[in-house]
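Structure file final-v4.cif with mmCIF, C-alpha atoms:
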```cif
data_protein
loop_
_atom_site.label_atom_id
_atom_site.label_comp_id
_atom_site.auth_asym_id
_atom_site.auth_seq_id
_atom_site.Cartn_x
_atom_site.Cartn_y
_atom_site.Cartn_z
CA MET A 1 224.48 75.34 -74.32
CA ALA A 2 226.91 77.33 -72.26
CA PHE A 3 226.97 77.69 -68.52
CA PRO A 4 227.29 81.23 -67.19
CA PRO A 5 230.22 81.70 -64.80
CA PRO A 6 229.06 81.56 -61.15
CA LYS A 7 228.50 84.85 -59.38
CA GLY A 8 230.00 85.75 -56.03
CA PRO A 9 233.02 84.17 -54.32
CA ALA A 10 233.58 80.57 -55.31
CA ILE A 11 234.38 77.88 -52.79
CA PRO A 12 237.87 76.66 -53.69
CA ILE A 13 237.42 73.02 -54.67
CA ARG A 14 240.70 71.66 -53.47
CA HIS A 15 243.81 73.11 -51.94
CA SER A 16 246.63 72.49 -49.47
CA SER A 17 246.70 68.73 -49.89
CA ILE A 18 250.10 68.63 -48.16
CA VAL A 19 248.67 70.31 -45.07
CA LEU A 20 245.73 67.94 -45.23
CA ALA A 21 247.92 64.83 -45.33
CA LEU A 22 250.33 66.10 -42.68
CA SER A 23 247.56 67.12 -40.30
CA LEU A 24 245.89 63.71 -40.58
CA LEU A 25 249.26 62.05 -40.00
CA SER A 26 249.95 64.13 -36.92
CA GLY A 27 246.42 63.48 -35.66
CA TRP A 28 247.21 59.78 -35.84
CA LEU A 29 250.60 60.29 -34.14
CA PHE A 30 248.90 62.22 -31.33
CA ASN A 31 246.68 59.20 -30.80
CA LEU A 32 249.81 57.06 -30.44
CA LEU A 33 251.29 59.25 -27.69
CA PRO A 34 251.65 57.41 -24.38
CA TRP A 35 249.32 58.79 -21.72
CA GLN A 36 249.23 58.31 -17.99
CA VAL A 37 246.82 55.49 -17.29
CA ASP A 38 244.92 57.70 -14.83
CA TRP A 39 244.07 60.16 -17.59
CA LEU A 40 243.54 57.63 -20.34
CA TRP A 41 239.77 57.93 -20.30
CA LEU A 42 240.05 61.66 -21.01
CA ARG A 43 242.06 61.20 -24.17
CA PRO A 44 240.20 62.64 -27.18
CA ASP A 45 240.39 61.07 -30.60
CA PHE A 46 242.62 63.56 -32.45
CA LEU A 47 242.48 61.64 -35.72
CA LEU A 48 238.68 61.79 -35.85
CA LEU A 49 238.70 65.50 -34.96
CA THR A 50 241.11 66.27 -37.81
CA LEU A 51 239.03 64.09 -40.09
CA VAL A 52 235.86 66.01 -39.15
CA TYR A 53 237.61 69.30 -39.85
CA TRP A 54 238.62 68.27 -43.35
CA ALA A 55 235.27 66.63 -44.05
CA ILE A 56 233.68 70.04 -43.39
CA TYR A 57 236.18 72.18 -45.31
CA GLN A 58 237.40 69.77 -47.99
CA PRO A 59 234.42 67.48 -48.64
CA THR A 60 235.74 66.52 -52.08
CA ALA A 61 239.00 65.23 -50.62
CA ILE A 62 237.78 63.59 -47.40
CA GLY A 63 234.66 61.49 -47.50
CA ILE A 64 233.32 58.24 -46.13
CA GLY A 65 236.00 56.18 -47.92
CA ALA A 66 238.93 58.11 -46.46
CA ALA A 67 237.30 57.98 -43.03
CA TRP A 68 236.94 54.22 -43.27
CA TRP A 69 240.57 53.65 -44.26
CA LEU A 70 241.87 55.96 -41.54
CA GLY A 71 239.66 54.16 -39.04
CA LEU A 72 241.26 50.92 -40.15
CA LEU A 73 244.68 52.47 -39.53
CA GLU A 74 243.53 53.42 -36.03
CA ASP A 75 242.27 49.88 -35.45
CA LEU A 76 245.61 48.41 -36.51
CA SER A 77 247.61 50.72 -34.28
CA ASP A 78 245.23 50.51 -31.33
CA GLY A 79 244.97 46.74 -31.08
CA ALA A 80 241.19 47.03 -31.49
CA HIS A 81 239.02 44.68 -33.53
CA LEU A 82 239.73 45.33 -37.22
CA GLY A 83 236.86 47.40 -38.59
CA GLN A 84 235.66 48.75 -35.24
CA HIS A 85 236.91 52.32 -35.53
CA ALA A 86 236.66 52.10 -39.33
CA LEU A 87 232.90 51.63 -39.10
CA GLY A 88 232.57 54.32 -36.43
CA TYR A 89 234.50 56.89 -38.48
CA ALA A 90 232.55 56.06 -41.66
CA VAL A 91 229.18 56.46 -39.93
CA SER A 92 230.32 59.66 -38.23
CA ILE A 93 231.44 61.22 -41.52
CA TYR A 94 228.26 59.99 -43.23
CA ILE A 95 226.15 61.88 -40.68
CA LEU A 96 228.41 64.90 -41.09
CA GLY A 97 227.74 64.81 -44.84
CA HIS A 98 224.12 65.77 -44.26
CA PHE A 99 225.09 68.97 -42.47
CA GLN A 100 228.32 69.84 -44.29
CA ARG A 101 226.98 72.91 -46.16
CA ARG A 102 225.57 74.43 -43.01
CA LEU A 103 228.62 73.62 -40.89
CA TYR A 104 230.86 75.24 -43.50
CA ASN A 105 229.32 78.60 -42.72
CA PHE A 106 229.18 78.27 -38.94
CA PRO A 107 231.79 79.89 -36.70
CA PRO A 108 233.92 77.31 -34.87
CA TRP A 109 232.34 77.76 -31.45
CA GLN A 110 228.99 76.99 -33.03
CA GLN A 111 230.44 73.95 -34.78
CA ALA A 112 231.55 72.44 -31.47
CA LEU A 113 228.13 71.04 -30.61
CA PRO A 114 227.57 69.23 -33.94
CA VAL A 115 231.17 67.97 -33.70
CA LEU A 116 230.34 66.56 -30.27
CA THR A 117 227.45 64.66 -31.87
CA PHE A 118 229.73 63.17 -34.52
CA LEU A 119 232.23 62.07 -31.86
CA LEU A 120 229.35 60.63 -29.86
CA ALA A 121 228.11 58.69 -32.89
CA GLU A 122 231.57 57.20 -33.36
CA GLN A 123 231.81 56.27 -29.69
CA ILE A 124 228.38 54.63 -29.71
CA ILE A 125 229.29 52.51 -32.75
CA ASP A 126 232.56 51.66 -31.03
CA VAL A 127 230.84 50.47 -27.86
CA LEU A 128 228.13 48.62 -29.84
CA VAL A 129 230.66 46.70 -31.91
CA ALA A 130 232.69 45.83 -28.82
CA THR A 131 229.55 44.66 -27.02
CA PHE A 132 228.52 42.47 -29.94
CA LEU A 133 231.98 40.92 -29.97
CA GLY A 134 231.82 40.10 -26.29
CA ASP A 135 233.85 42.88 -24.63
CA THR A 136 232.22 44.08 -21.47
CA ARG A 137 232.98 47.51 -20.20
CA ASN A 138 231.60 50.23 -18.00
CA ALA A 139 230.45 52.57 -20.71
CA PRO A 140 229.55 55.83 -18.88
CA ARG A 141 233.05 57.02 -18.09
CA TYR A 142 234.14 56.02 -21.55
CA PHE A 143 231.98 58.77 -23.07
CA VAL A 144 233.89 61.56 -21.31
CA SER A 145 236.43 61.53 -24.16
CA VAL A 146 233.61 62.84 -26.38
CA LEU A 147 233.37 65.97 -24.22
CA SER A 148 237.12 66.49 -24.07
CA GLY A 149 237.20 66.03 -27.85
CA ALA A 150 234.60 68.75 -28.32
CA LEU A 151 236.67 71.04 -26.07
CA CYS A 152 239.67 70.41 -28.30
CA TRP A 153 237.69 71.44 -31.37
CA PHE A 154 238.20 75.20 -31.09
CA PRO A 155 242.02 75.16 -30.70
CA LEU A 156 242.28 72.55 -33.44
CA TRP A 157 240.08 74.65 -35.73
CA VAL A 158 242.21 77.75 -35.16
CA LEU A 159 245.41 75.81 -35.80
CA LEU A 160 244.21 74.11 -38.97
CA HIS A 161 242.61 77.27 -40.31
CA ARG A 162 245.90 79.07 -39.96
CA LEU A 163 247.83 76.25 -41.62
CA ARG A 164 245.40 75.93 -44.48
CA THR A 165 246.72 78.06 -47.35
CA PRO A 166 244.16 80.81 -47.72
CA THR A 167 243.32 81.20 -51.38
CA GLN A 168 241.06 84.20 -51.56
CA PRO A 169 239.26 84.41 -54.90
CA ALA A 170 239.98 87.67 -56.73
CA PRO A 171 237.03 90.06 -56.71
CA GLN A 172 235.19 89.97 -60.02
CA MET B 1 229.40 69.42 -78.25
CA ALA B 2 232.33 67.07 -78.89
CA VAL B 3 233.99 67.63 -75.51
CA ALA B 4 231.86 66.45 -72.57
CA HIS B 5 231.26 69.20 -70.07
CA PRO B 6 232.53 68.17 -66.63
CA HIS B 7 229.25 69.18 -65.03
CA LEU B 8 227.21 67.03 -67.40
CA ALA B 9 228.65 63.67 -66.34
CA LEU B 10 225.97 61.14 -65.47
CA PHE B 11 227.31 60.52 -61.94
CA PRO B 12 229.31 63.65 -61.19
CA HIS B 13 229.91 62.78 -57.56
CA GLY B 14 230.29 59.03 -57.85
CA LEU B 15 228.09 56.86 -55.66
CA ASN B 16 225.76 58.58 -53.27
CA ALA B 17 226.66 58.68 -49.61
CA GLY B 18 224.13 56.08 -48.48
CA ALA B 19 225.39 53.51 -50.98
CA LYS B 20 228.98 54.21 -49.97
CA LEU B 21 228.12 53.79 -46.30
CA LEU B 22 226.38 50.49 -47.07
CA ILE B 23 229.44 49.17 -48.89
CA TYR B 24 231.75 50.15 -46.06
CA LEU B 25 229.33 48.74 -43.50
CA VAL B 26 229.40 45.35 -45.19
CA LEU B 27 233.18 45.57 -45.51
CA SER B 28 233.51 46.34 -41.78
CA ILE B 29 231.30 43.43 -40.79
CA VAL B 30 233.33 41.07 -42.99
CA LEU B 31 236.57 42.34 -41.46
CA LEU B 32 235.25 42.16 -37.91
CA THR B 33 234.09 38.58 -38.42
CA LEU B 34 237.34 37.51 -40.07
CA ASP B 35 239.41 39.18 -37.39
CA SER B 36 237.66 38.30 -34.16
CA HIS B 37 235.96 35.00 -34.96
CA TYR B 38 238.54 33.36 -37.18
CA ARG B 39 241.67 35.34 -36.28
CA ALA B 40 242.42 35.27 -40.01
CA LEU B 41 244.12 38.66 -40.10
CA ASP B 42 246.78 38.16 -37.43
CA ARG B 43 249.49 38.05 -40.09
CA VAL B 44 248.36 41.42 -41.44
CA ARG B 45 248.42 42.81 -37.91
CA GLY B 46 251.89 41.35 -37.34
CA GLY B 47 253.26 42.89 -40.52
CA PHE B 48 251.75 46.26 -39.73
CA ASN B 49 253.04 46.12 -36.19
CA LEU B 50 256.58 45.63 -37.46
CA LEU B 51 256.23 49.03 -39.16
CA LEU B 52 254.44 50.55 -36.19
CA VAL B 53 257.04 49.81 -33.50
CA PRO B 54 259.67 52.30 -34.77
CA ILE B 55 256.95 54.97 -35.17
CA GLU B 56 255.73 54.44 -31.62
CA GLN B 57 259.27 54.67 -30.32
CA GLY B 58 259.83 57.83 -32.38
CA VAL B 59 256.72 59.45 -30.98
CA GLN B 60 257.93 58.79 -27.45
CA ALA B 61 261.44 60.07 -28.13
CA PRO B 62 260.89 63.71 -27.07
CA TRP B 63 259.33 62.67 -23.79
CA LEU B 64 262.09 60.17 -23.10
CA ALA B 65 264.73 62.78 -23.95
CA TRP B 66 263.14 65.17 -21.47
CA ARG B 67 263.23 62.48 -18.80
CA THR B 68 266.89 61.77 -19.49
CA MET B 69 267.66 65.48 -19.21
CA ASP B 70 265.69 65.62 -15.99
CA ALA B 71 267.63 62.68 -14.59
CA PHE B 72 270.91 64.31 -15.58
CA PHE B 73 270.37 67.28 -13.30
CA VAL B 74 269.76 65.33 -10.11
CA ARG B 75 271.32 66.96 -7.09
CA GLN B 76 274.45 65.52 -5.56
CA ALA B 77 272.78 65.20 -2.15
CA GLU B 78 269.99 63.09 -3.60
CA LEU B 79 272.51 60.78 -5.24
CA VAL B 80 274.44 60.34 -2.00
CA GLN B 81 271.24 59.63 -0.10
CA GLU B 82 270.11 57.09 -2.69
CA ASN B 83 273.54 55.48 -2.64
CA HIS B 84 273.32 55.03 1.14
CA ALA B 85 269.87 53.52 0.92
CA LEU B 86 270.97 51.14 -1.83
CA ARG B 87 274.02 50.05 0.17
CA ALA B 88 271.87 49.31 3.20
CA GLN B 89 269.46 47.34 1.09
CA SER B 90 272.30 45.47 -0.57
CA ILE B 91 273.59 44.31 2.82
CA ALA B 92 270.12 43.24 3.87
CA TRP B 93 269.73 41.30 0.67
CA ASP B 94 273.13 39.68 1.07
CA LEU B 95 272.01 38.29 4.41
CA GLU B 96 268.76 37.13 2.91
CA ARG B 97 270.58 35.55 -0.02
CA GLN B 98 272.77 33.49 2.30
CA HIS B 99 269.73 32.41 4.19
CA ASN B 100 267.97 31.55 0.93
CA HIS B 101 270.96 29.56 -0.23
CA GLN B 102 270.74 27.44 2.87
CA LEU B 103 267.01 26.98 2.45
CA GLU B 104 267.38 26.11 -1.19
CA GLN B 105 269.85 23.36 -0.40
CA GLU B 106 267.64 22.04 2.32
CA ASN B 107 264.66 22.20 -0.03
CA ARG B 108 266.53 20.36 -2.76
CA THR B 109 267.44 17.54 -0.39
CA LEU B 110 263.91 17.30 0.89
CA ARG B 111 262.44 17.34 -2.60
CA ALA B 112 264.89 14.66 -3.67
CA LEU B 113 263.86 12.62 -0.66
CA LEU B 114 260.19 13.05 -1.57
CA GLY B 115 260.85 12.30 -5.24
CA LEU B 116 259.48 15.63 -6.45
CA ARG B 117 260.54 17.47 -9.57
CA ALA B 118 263.18 20.08 -8.82
CA ARG B 119 262.07 23.68 -9.24
CA VAL B 120 264.20 25.59 -11.68
CA MET B 121 264.93 29.29 -12.02
CA LEU B 122 262.64 30.67 -14.69
CA PRO B 123 264.24 32.01 -17.85
CA SER B 124 262.86 35.44 -18.70
CA THR B 125 263.18 38.39 -21.04
CA SER B 126 262.93 41.99 -19.95
CA ALA B 127 260.84 44.33 -22.06
CA GLU B 128 259.75 47.95 -22.08
CA ILE B 129 256.23 49.28 -22.45
CA ILE B 130 255.94 51.22 -25.69
CA ALA B 131 252.23 51.90 -26.05
CA ILE B 132 248.97 51.88 -24.16
CA PRO B 133 245.91 51.61 -26.41
CA ARG B 134 243.45 54.49 -26.51
CA ASP B 135 240.59 52.33 -25.31
CA PRO B 136 240.64 52.77 -21.51
CA TRP B 137 238.40 49.84 -20.75
CA ARG B 138 240.67 47.16 -21.99
CA ARG B 139 243.50 46.68 -19.57
CA LEU B 140 246.37 46.00 -21.91
CA PHE B 141 249.60 47.48 -23.20
CA THR B 142 252.23 46.80 -25.83
CA VAL B 143 255.86 45.96 -25.04
CA ASP B 144 258.89 45.97 -27.32
CA ALA B 145 259.69 42.24 -27.31
CA GLY B 146 258.04 39.78 -29.68
CA SER B 147 258.47 36.46 -31.41
CA ILE B 148 261.94 37.51 -32.61
CA GLN B 149 262.99 37.66 -28.94
CA GLY B 150 261.35 34.27 -28.35
CA ILE B 151 258.17 35.49 -26.64
CA GLN B 152 255.25 33.07 -26.80
CA GLY B 153 251.55 33.70 -26.28
CA GLY B 154 250.29 32.87 -22.81
CA SER B 155 253.51 33.64 -20.94
CA ALA B 156 253.29 35.28 -17.54
CA VAL B 157 254.47 38.89 -17.17
CA ILE B 158 255.83 40.19 -13.86
CA ASP B 159 257.43 43.27 -12.38
CA ALA B 160 259.67 43.59 -9.33
CA GLN B 161 256.76 43.08 -6.93
CA GLY B 162 254.60 40.41 -8.53
CA LEU B 163 252.40 39.18 -11.34
CA LEU B 164 251.26 41.80 -13.85
CA GLY B 165 249.41 39.78 -16.48
CA GLN B 166 249.76 37.60 -19.50
CA VAL B 167 250.95 37.86 -23.10
CA THR B 168 247.82 37.69 -25.24
CA ARG B 169 249.06 38.53 -28.72
CA VAL B 170 252.53 38.18 -30.19
CA TYR B 171 253.86 40.22 -33.10
CA PRO B 172 257.35 39.88 -34.61
CA ALA B 173 258.90 42.76 -32.64
CA ALA B 174 256.23 43.54 -30.07
CA SER B 175 253.60 41.82 -28.00
CA GLU B 176 250.36 42.72 -26.34
CA ILE B 177 249.97 42.13 -22.62
CA THR B 178 246.62 41.87 -20.89
CA LEU B 179 246.80 42.96 -17.27
CA LEU B 180 245.32 40.77 -14.58
CA THR B 181 242.92 43.62 -13.78
CA ASP B 182 241.23 43.13 -17.18
CA LYS B 183 237.66 41.96 -16.84
CA GLU B 184 238.36 38.82 -18.87
CA GLN B 185 241.34 37.69 -16.81
CA ALA B 186 241.28 34.99 -14.15
CA VAL B 187 244.27 33.69 -12.19
CA PRO B 188 244.27 30.46 -10.17
CA ILE B 189 245.86 31.29 -6.81
CA THR B 190 246.50 29.84 -3.41
CA ILE B 191 246.30 31.76 -0.17
CA ALA B 192 249.89 31.66 1.05
CA ARG B 193 248.98 31.35 4.74
CA THR B 194 246.54 28.45 4.47
CA GLY B 195 247.17 26.82 1.11
CA GLN B 196 243.52 27.26 0.13
CA HIS B 197 242.99 27.29 -3.68
CA ALA B 198 240.79 29.87 -5.32
CA ILE B 199 240.41 31.86 -8.51
CA LEU B 200 241.09 35.58 -8.71
CA PHE B 201 239.14 37.67 -11.23
CA GLY B 202 239.93 41.05 -12.77
CA THR B 203 237.29 43.75 -12.46
CA GLY B 204 238.31 46.26 -15.11
CA SER B 205 239.53 48.69 -12.47
CA ASP B 206 243.22 49.20 -11.67
CA ASP B 207 242.81 49.20 -7.94
CA TYR B 208 241.17 45.95 -7.10
CA LEU B 209 240.63 42.30 -7.99
CA GLU B 210 237.90 40.00 -6.82
CA LEU B 211 238.11 36.57 -5.21
CA ARG B 212 234.91 34.72 -6.01
CA TYR B 213 233.24 31.48 -5.01
CA LEU B 214 234.71 31.24 -1.52
CA PRO B 215 232.25 29.84 1.04
CA HIS B 216 231.72 31.74 4.30
CA SER B 217 233.61 29.12 6.27
CA THR B 218 236.90 29.75 4.46
CA ASP B 219 239.78 30.88 6.65
CA ILE B 220 240.77 34.25 5.19
CA ARG B 221 241.94 37.47 6.81
CA ASN B 222 242.67 40.97 5.66
CA GLY B 223 246.26 41.25 4.48
CA ASP B 224 246.59 37.62 3.37
CA LEU B 225 248.98 37.22 0.47
CA LEU B 226 247.72 35.42 -2.63
CA VAL B 227 250.29 33.63 -4.82
CA THR B 228 249.88 31.80 -8.13
CA SER B 229 249.11 28.14 -7.61
CA GLY B 230 250.51 26.96 -10.94
CA LEU B 231 247.58 24.59 -11.34
CA ASP B 232 246.70 26.04 -14.74
CA GLY B 233 250.11 25.12 -16.10
CA LEU B 234 250.50 28.66 -17.45
CA TYR B 235 251.66 30.76 -14.53
CA PRO B 236 254.64 29.39 -12.62
CA PRO B 237 253.70 28.63 -8.99
CA GLY B 238 254.59 30.98 -6.13
CA LEU B 239 254.43 34.41 -7.79
CA PRO B 240 252.85 37.01 -5.49
CA VAL B 241 249.63 38.31 -7.04
CA ALA B 242 247.55 40.29 -4.56
CA ARG B 243 246.74 41.00 -0.94
CA ILE B 244 243.28 40.71 0.58
CA GLN B 245 241.98 44.18 1.37
CA HIS B 246 238.39 43.81 2.35
CA ILE B 247 236.07 40.88 3.08
CA ASN B 248 232.35 41.34 2.55
CA ALA B 249 230.62 38.49 4.30
CA GLY B 250 227.02 39.49 3.69
CA ALA B 251 224.62 37.00 5.26
CA GLY B 252 222.36 37.14 2.22
CA GLN B 253 225.06 36.08 -0.18
CA GLU B 254 225.98 32.56 -1.05
CA PHE B 255 229.71 33.32 -1.18
CA ASP B 256 232.05 35.82 0.40
CA ASN B 257 232.80 38.89 -1.66
CA VAL B 258 236.54 39.40 -1.24
CA ILE B 259 238.27 42.50 -2.58
CA CYS B 260 242.02 42.25 -3.18
CA ARG B 261 244.70 44.73 -4.10
CA PRO B 262 247.28 43.73 -6.74
CA VAL B 263 250.84 43.51 -5.42
CA ALA B 264 252.48 44.58 -8.69
CA ALA B 265 252.60 48.28 -9.56
CA ILE B 266 249.93 47.83 -12.20
CA ASP B 267 250.02 51.29 -13.77
CA ARG B 268 253.39 52.60 -12.61
CA ASN B 269 255.71 50.48 -14.70
CA ARG B 270 257.90 50.96 -17.68
CA GLN B 271 260.04 47.82 -17.45
CA VAL B 272 258.46 44.40 -17.22
CA LEU B 273 259.80 40.84 -17.20
CA ILE B 274 258.27 38.17 -19.44
CA ILE B 275 258.73 34.65 -18.10
CA HIS B 276 259.26 32.11 -20.83
CA HIS B 277 256.34 29.83 -21.11
CA THR B 278 257.31 26.35 -19.97
CA PRO B 279 254.25 24.11 -19.88
CA VAL B 280 254.28 22.23 -16.59
CA ARG B 281 253.24 18.58 -16.68
#
```
Encoded form (structure tokens):
Amino acid sequence: MAFPPPKGPAIPIRHSSIVLALSLLSGWLFNLLPWQVDWLWLRPDFLLLTLVYWAIYQPTAIGIGAAWWLGLLEDLSDGAHLGQHALGYAVSIYILGHFQRRLYNFPPWQQALPVLTFLLAEQIIDVLVATFLGDTRNAPRYFVSVLSGALCWFPLWVLLHRLRTPTQPAPQ
Amino acid sequence: MAVAHPHLALFPHGLNAGAKLLIYLVLSIVLLTLDSHYRALDRVRGGFNLLLVPIEQGVQAPWLAWRTMDAFFVRQAELVQENHALRAQSIAWDLERQHNHQLEQENRTLRALLGLRARVMLPSTSAEIIAIPRDPWRRLFTVDAGSIQGIQGGSAVIDAQGLLGQVTRVYPAASEITLLTDKEQAVPITIARTGQHAILFGTGSDDYLELRYLPHSTDIRNGDLLVTSGLDGLYPPGLPVARIQHINAGAGQEFDNVICRPVAAIDRNRQVLIIHHTPVR
């Protein structure tokens, strides 16, 4: 029993793993940047945004597992409860998994709204975990970083799409 | 048929997403419990932090370099002006110092007469803020001095004006400081004018603190200075903490609602001073 070769352009399974690793690293470094305290609540989560990008375009490389480990890294560097961001990232990427095929074909401006939902999911998990562990905080203002994150999506998409080595499949 | 086709594997994509999520959910809950209820992972955090400190400093390097450049091109006139101001202040402080010297001697004699313990100058370490966590609702930051420099948990942290907060977590080369504006923080204070004891609570906002449980009959006025009382044995006595800004004496309330403004420059600092923890009593 032989499989016929697939027709049409094939989705490249895996490429540009160096760009992938470097972009995730710089996403994390951006999160480490010192911000003015007055603007702290506006700060988007660059690591999660980069993660979402790769979960859409490289679903075989970046999945729930990678998201969880990177979330743990964020927890360690952020002084948060260990597992707080990890859980948020994992849930966010899990939800993304259900829409990955559709998102792959959307233009970036149309992706921004779903991306906002993923960021929101992460933030909700974050606040829930903190509430269960006894942190009290005024949540409403805290959710503004979801909006600023969604605004950052388009420039980030353009940047990463340019960096990603374009491997066009040869016409059959 | 000898070679298995890659697409005919029984589980070509590994576990399904739901199962994976479940595993990671359980893992997260275990970690969260271990970390926040038992504090079992503080060593892991400490080890990681040792690696993190140079990275954090590296990330800040461009910004710091720009600031140094900026400072290099200050105008001559500004320098002269600043020099004059500093000279004037130096003279004023010299006078004050002489006066203080006198007072200190007098105080020492009086304390000796009363049989009280002599107050000593507090040993301290200066540190620099290297990171502010991304979570804006927890009022804390990381500084570049840790257990290697002899920092201990619970020590008071001050700036040039007054009390900033407390060391809440110590790593080998860094430590985490919770500001007194954090919602979980409470500082025992006395009102400098009257000697009345009270407790000052953080509100989670940078601009104000709250003085609770003061009955309506208490003698307080706007502008009163609040200093640490030292009754908790953690903060040394006499550090300026806040000034009373607004008193809400609603008739329907059981206690006054007193809003205070922190004296220290809560969010305008880079250098802080950590006072070495010397348990009183």
Which of B:Pro172, B:Gly250, B:Gly202, B:Gly47 sits closest to Glu184 in chain B [using only C-alpha atoms]: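 Ranked by minimum distance to Glu184 in chain B, first place goes to B:Gly202.
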Compile a residue-level contact table for chain B against chain A at a cut-off of 7 Å, reporting for every qualifying residue the shortest atom pair and its distance in Å to one decimal, with only C-alpha atoms counted, rows ordered by chain and ascending number, as a Markdown table.
```
| residue | atom | partner | partner_atom | distance |
| --- | --- | --- | --- | --- |
| B:Ala17 | CA | A:Tyr94 | CA | 6.7 |
| B:Leu21 | CA | A:Ala90 | CA | 6.8 |
| B:Leu25 | CA | A:Leu87 | CA | 6.4 |
| B:Ser28 | CA | A:Gly83 | CA | 4.7 |
| B:Leu31 | CA | A:Gly83 | CA | 5.8 |
| B:Leu32 | CA | A:Gly83 | CA | 5.5 |
| B:Asp35 | CA | A:Leu82 | CA | 6.2 |
| B:Ser36 | CA | A:His81 | CA | 6.6 |
| B:Arg45 | CA | A:Leu76 | CA | 6.4 |
| B:Glu56 | CA | A:Leu32 | CA | 6.6 |
| B:Val59 | CA | A:Leu33 | CA | 6.4 |
| B:Gln60 | CA | A:Leu33 | CA | 6.7 |
| B:Ala131 | CA | A:Pro34 | CA | 5.8 |
| B:Ile132 | CA | A:Pro34 | CA | 6.1 |
| B:Pro133 | CA | A:Asp78 | CA | 5.1 |
| B:Arg134 | CA | A:Asp78 | CA | 6.5 |
| B:Pro136 | CA | A:Trp41 | CA | 5.4 |
| B:Trp137 | CA | A:Arg137 | CA | 5.9 |
| B:Asp267 | CA | A:Val37 | CA | 6.3 |
```
Here is a test: counting all atoms listed in the file, which residue of A:Leu116, A:Leu96, A:Leu48, A:Leu163 is nearest to Ser16 in chain A?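 Nearest candidate to Ser16 in chain A out of A:Leu116, A:Leu96, A:Leu48, A:Leu163: A:Leu163.
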Using the chain letters and numbers from this file, what does the PyMOL selection byres ((chain B and resi 143) around 12) select? Give the answer as a short mmCIF file (atom, residue, chain, number, x, y, z; two decimals) with C-alpha atoms, in the frame of the given file.
```cif
data_model
loop_
_atom_site.label_atom_id
_atom_site.label_comp_id
_atom_site.auth_asym_id
_atom_site.auth_seq_id
_atom_site.Cartn_x
_atom_site.Cartn_y
_atom_site.Cartn_z
CA ASN B 49 253.04 46.12 -36.19
CA VAL B 53 257.04 49.81 -33.50
CA GLU B 56 255.73 54.44 -31.62
CA GLN B 57 259.27 54.67 -30.32
CA THR B 125 263.18 38.39 -21.04
CA SER B 126 262.93 41.99 -19.95
CA ALA B 127 260.84 44.33 -22.06
CA GLU B 128 259.75 47.95 -22.08
CA ILE B 129 256.23 49.28 -22.45
CA ILE B 130 255.94 51.22 -25.69
CA ALA B 131 252.23 51.90 -26.05
CA ILE B 132 248.97 51.88 -24.16
CA PRO B 133 245.91 51.61 -26.41
CA LEU B 140 246.37 46.00 -21.91
CA PHE B 141 249.60 47.48 -23.20
CA THR B 142 252.23 46.80 -25.83
CA ASP B 144 258.89 45.97 -27.32
CA ALA B 145 259.69 42.24 -27.31
CA GLY B 146 258.04 39.78 -29.68
CA SER B 147 258.47 36.46 -31.41
CA GLN B 149 262.99 37.66 -28.94
CA ILE B 151 258.17 35.49 -26.64
CA VAL B 157 254.47 38.89 -17.17
CA GLN B 166 249.76 37.60 -19.50
CA VAL B 167 250.95 37.86 -23.10
CA THR B 168 247.82 37.69 -25.24
CA ARG B 169 249.06 38.53 -28.72
CA VAL B 170 252.53 38.18 -30.19
CA TYR B 171 253.86 40.22 -33.10
CA PRO B 172 257.35 39.88 -34.61
CA ALA B 173 258.90 42.76 -32.64
CA ALA B 174 256.23 43.54 -30.07
CA SER B 175 253.60 41.82 -28.00
CA GLU B 176 250.36 42.72 -26.34
CA ILE B 177 249.97 42.13 -22.62
CA THR B 178 246.62 41.87 -20.89
CA ASN B 269 255.71 50.48 -14.70
CA ARG B 270 257.90 50.96 -17.68
CA GLN B 271 260.04 47.82 -17.45
CA VAL B 272 258.46 44.40 -17.22
CA LEU B 273 259.80 40.84 -17.20
CA ILE B 274 258.27 38.17 -19.44
#
```
Using only C-alpha atoms, the shortest atom-to-atom distance to Ser145 in chain A among A:Leu70, A:Ile124, A:Leu22, A:Ile56 belongs to A:Ile124
Using all atoms listed in the file, determine which residues lie at most 10 Å from range 233-249 of chain B, disregarding the query and same-chain residues fewer than 6 positions distant; provide the list as a ChimeraX atom specification. /B:119,122,154-158,161-166,180,187-192,200,208-211,215-216,220-227,255-264,275-281
Assuming the input is short of atoms at range 25-29 of chain B, produce N, CA and C atoms for that part as a PDB file, in the frame of the given file.
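Resulting contents of out-v1.pdb:
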```pdb
ATOM      1  N   LEU B  25     229.922  49.479 -44.622  1.00  0.00           N
ATOM      2  CA  LEU B  25     229.330  48.740 -43.500  1.00  0.00           C
ATOM      3  C   LEU B  25     229.536  47.238 -43.681  1.00  0.00           C
ATOM      4  N   VAL B  26     229.232  46.777 -44.905  1.00  0.00           N
ATOM      5  CA  VAL B  26     229.400  45.350 -45.190  1.00  0.00           C
ATOM      6  C   VAL B  26     230.867  44.954 -45.043  1.00  0.00           C
ATOM      7  N   LEU B  27     231.743  45.825 -45.582  1.00  0.00           N
ATOM      8  CA  LEU B  27     233.180  45.570 -45.510  1.00  0.00           C
ATOM      9  C   LEU B  27     233.640  45.457 -44.054  1.00  0.00           C
ATOM     10  N   SER B  28     233.135  46.360 -43.210  1.00  0.00           N
ATOM     11  CA  SER B  28     233.510  46.340 -41.780  1.00  0.00           C
ATOM     12  C   SER B  28     233.060  45.054 -41.126  1.00  0.00           C
ATOM     13  N   ILE B  29     231.827  44.641 -41.425  1.00  0.00           N
ATOM     14  CA  ILE B  29     231.300  43.430 -40.790  1.00  0.00           C
ATOM     15  C   ILE B  29     232.131  42.225 -41.209  1.00  0.00           C
TER      16      ILE B  29
END
```
